[in-house]
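Let me begin by presenting the structure, written as structure tokens, before commenting on it.
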Amino acid sequence: MKGFFVFLFFIGAGYFLQAQERCAIEYTEQLRRQRNPKLENAEQFEDWIQQRVVDPRNTLFQMRTQTTLMIPVVVHVIHNGEPIGTGTNISDAQINSQISVLNKDFQRLNADANLTPAEFLPVAGSMDIQFVLAKQDPEGLPTTGINRVFGTQSSWEYSDQYDFKALSYWPAENYLNIWVINLVGGYIGFAQFPVSNLPGLEDASDDRLTDGVVLKYNVVGSVDDGPFNVQSIYNKGRTGTHEVGHFFGLRHIWGDDSGCNEPGDYVSDTPVQNGSTSSCPSHPQISCSTNKMFQNYMDYTNDACMNLITQGQVSRMDVVLANSPRRKSLTTSPGLLDPIVVVNDLGIRSILTPGSQLCPGMSTPNLEVRNYGTG
């Protein structure tokens, strides 16, 4: 459904107090624009993207040759000091499970794709994309793509994002940053929405420092891959799929306006619906005189009830990946490449003293060095 995304300001209204509101993107986007008033507004972004979206039903879209796009991921585990695999310090296996879920869901290789209702099969979409843990860090050194950091507090609100993201951040133009934290306040995830490349709409310098996805530690990965400590209704990694959808420009399927009037989520092949869907209802569910697509990853149903994105949503994400700053550059990131290392390679990371001020006479510098080699 075509639509216009509206940031809601009536925070005290019952709409925001519903238990099924699992995603905090409306709040975080409000805060982002309050902090960076030069950022484009939703209408400007939607005008930009709609000029570039290819209708998934036309011949050009169906015949075009696709190239698999590789996306380097770094997962920052902000933990409370537990052993790896315990509590907030989730295991490598759980992280790898989440990466696998992303690939299966976006490529429509998910085992539950056969549960998509017949009426939605003609528009079910798959995306030529592959998420991989980064192979090298920003300094060119080998990495597993998993960065574990002891947190400065035991839990975090969405409004704390400038604090916990500062603990561990890799350049957003080269990495999809995923922060795994103990997120409290009733939410289990959020993401930063992309920006356009329109001239004159200045991207604030600190906007890149928060760019990425945030997940609560106990919604990461799928129980299909192991006995992970995950919430019972969010146990298949679909919160990650939902938030990465936002990261690549997807709106909530109901458009966040809780009404039957256009515009909605700006996607032509998703049905109009008047609000989010919770739990896992039986199909069909009627909304706005049509059947809800509550199986879509961009709704709020339980993980076991989600199983598709649409061709129109894929087309929208393709536009973002082809044009949006800090999205397009991900596909050519050095993080995708095997690092080149030698045995002996000592480098200067920084000059601690003297500072920028020049002093007369001789001085003894104080340097920070790092061994970039294997010796």
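Identifiers for the structure tokens are assigned positionally: chains receive A, B, ... in sequence, residues are indexed from 1 per chain, and ligands are indexed from 1 in the order shown.
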
Residue contacts of stretch 233-237 of chain A (12 Å, only C-alpha atoms) excluding same-chain residues fewer than 2 positions away, as number ranges by chain: A: 20, 22, 94-105, 110-112, 187-189, 215-231, 239-244, 278-280, 297, 300-307

10 Å contact set for A:Ile253, only C-alpha atoms, chain neighbours under 2 positions out, as a list in words: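 Counting only the stated atoms, we get Met1, Gly3, Leu250, Arg251, Gly255, Asp256, Gly264, Asp265, Tyr266, Val267, Thr270, Pro271, Val272, Gln273, Asn274, Gly275, Ser276, Thr277, Lys292, Met293, Phe294, Asn296, Tyr297, Met298, Asp299, Tyr300 and Gln313 of chain A.
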
Exercise: A:Met70 partners within 10 Å, only C-alpha atoms, chain neighbours under 4 positions left out, as a VMD selection string: chain A and resid 128 to 132 330 to 333 336

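For the set A:Asp207, A:Glu173, A:Asp269, A:Asp47, the residue with the smallest atom-to-atom gap to A:Ile71 is A:Glu173, counting only C-alpha atoms.
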
Apply DSSP to the structure's backbone, then extract all residues of stretch 239-327 of chain A labelled helix (DSSP H, G or I) and return them as a PDB file with C-alpha atoms, in the first residue's frame.
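What landed in result.pdb:
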```
ATOM      1  CA  THR A 239      12.988  -9.384  15.421  1.00  0.00           C
ATOM      2  CA  GLY A 240      16.325  -9.198  13.620  1.00  0.00           C
ATOM      3  CA  THR A 241      14.596  -9.619  10.261  1.00  0.00           C
ATOM      4  CA  HIS A 242      12.070  -6.902  11.160  1.00  0.00           C
ATOM      5  CA  GLU A 243      14.722  -4.396  12.245  1.00  0.00           C
ATOM      6  CA  VAL A 244      17.025  -5.043   9.282  1.00  0.00           C
ATOM      7  CA  GLY A 245      13.962  -4.385   7.128  1.00  0.00           C
ATOM      8  CA  HIS A 246      13.737  -0.941   8.732  1.00  0.00           C
ATOM      9  CA  PHE A 247      17.489  -0.468   8.213  1.00  0.00           C
ATOM     10  CA  ASP A 303       7.935 -15.055  15.215  1.00  0.00           C
ATOM     11  CA  ALA A 304       6.278 -18.369  14.330  1.00  0.00           C
ATOM     12  CA  CYS A 305       3.534 -16.477  12.488  1.00  0.00           C
ATOM     13  CA  GLN A 311       8.187  -8.098  -4.151  1.00  0.00           C
ATOM     14  CA  GLY A 312       7.304  -4.459  -3.583  1.00  0.00           C
ATOM     15  CA  GLN A 313       9.219  -4.430  -0.316  1.00  0.00           C
ATOM     16  CA  VAL A 314      12.197  -6.023  -2.065  1.00  0.00           C
ATOM     17  CA  SER A 315      12.050  -3.350  -4.765  1.00  0.00           C
ATOM     18  CA  ARG A 316      12.085  -0.657  -2.098  1.00  0.00           C
ATOM     19  CA  MET A 317      15.118  -2.178  -0.375  1.00  0.00           C
ATOM     20  CA  ASP A 318      16.873  -2.519  -3.739  1.00  0.00           C
ATOM     21  CA  VAL A 319      16.491   1.234  -4.244  1.00  0.00           C
ATOM     22  CA  VAL A 320      17.984   1.953  -0.831  1.00  0.00           C
ATOM     23  CA  LEU A 321      20.926  -0.386  -1.427  1.00  0.00           C
ATOM     24  CA  ALA A 322      21.593   1.170  -4.823  1.00  0.00           C
ATOM     25  CA  ASN A 323      21.351   4.819  -3.769  1.00  0.00           C
TER      26      ASN A 323
END
```

Separation of atom CA of A:Lys38 from atom CA of A:Phe248, in Å and rounded to one decimal: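 Distance between the two atoms: 20.9 Å.
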
A:Phe150 surroundings by only C-alpha atoms, 12 Å radius, close-in-sequence under 5 positions cut, as a count of residues only: 17

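Near A:Leu198, within 12 Å and counting only C-alpha atoms, sit Leu39, Glu40, Asn41, Gln44, Phe45, Glu46, Asp47, Trp48, Ile49, Gln51, Val195, Leu201, Glu202, Asp203, Asn323, Ser324 and Pro325 of chain A, not including residues fewer than 3 positions from it in the same chain.
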
Residue list (strand (DSSP E), DSSP) for stretch 82-292 of chain A, as a ChimeraX atom specification: /A:124-125,129-133,146-150,176-181,189-191,213-216,286-287,290-291

Interatomic distance, atom CA of A:Leu209 to atom CA of A:Ser154 (Å, one decimal):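 A separation of 21.8 Å between them.
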
Shortest interatomic distance to A:Leu109 - which of A:Tyr175, A:Ile309, A:Glu157, A:Thr28, counting only C-alpha atoms: A:Ile309

Atomic distance atom CA of A:Arg32 - atom CA of A:Leu308, expressed in Å with one decimal: 29.3 Å

For A:Gly145: contacts at 8 Å, only C-alpha atoms, fewer than 5 positions along chain excluded, given as a VMD selection string: chain A and resid 73 to 75 133 to 137

Nearest candidate to A:Thr210 (options A:Glu119, A:Glu43, A:Asp257, A:Asp163; using only C-alpha atoms):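 Of A:Glu119, A:Glu43, A:Asp257, A:Asp163, the one nearest A:Thr210 is A:Asp163, counting only C-alpha atoms.
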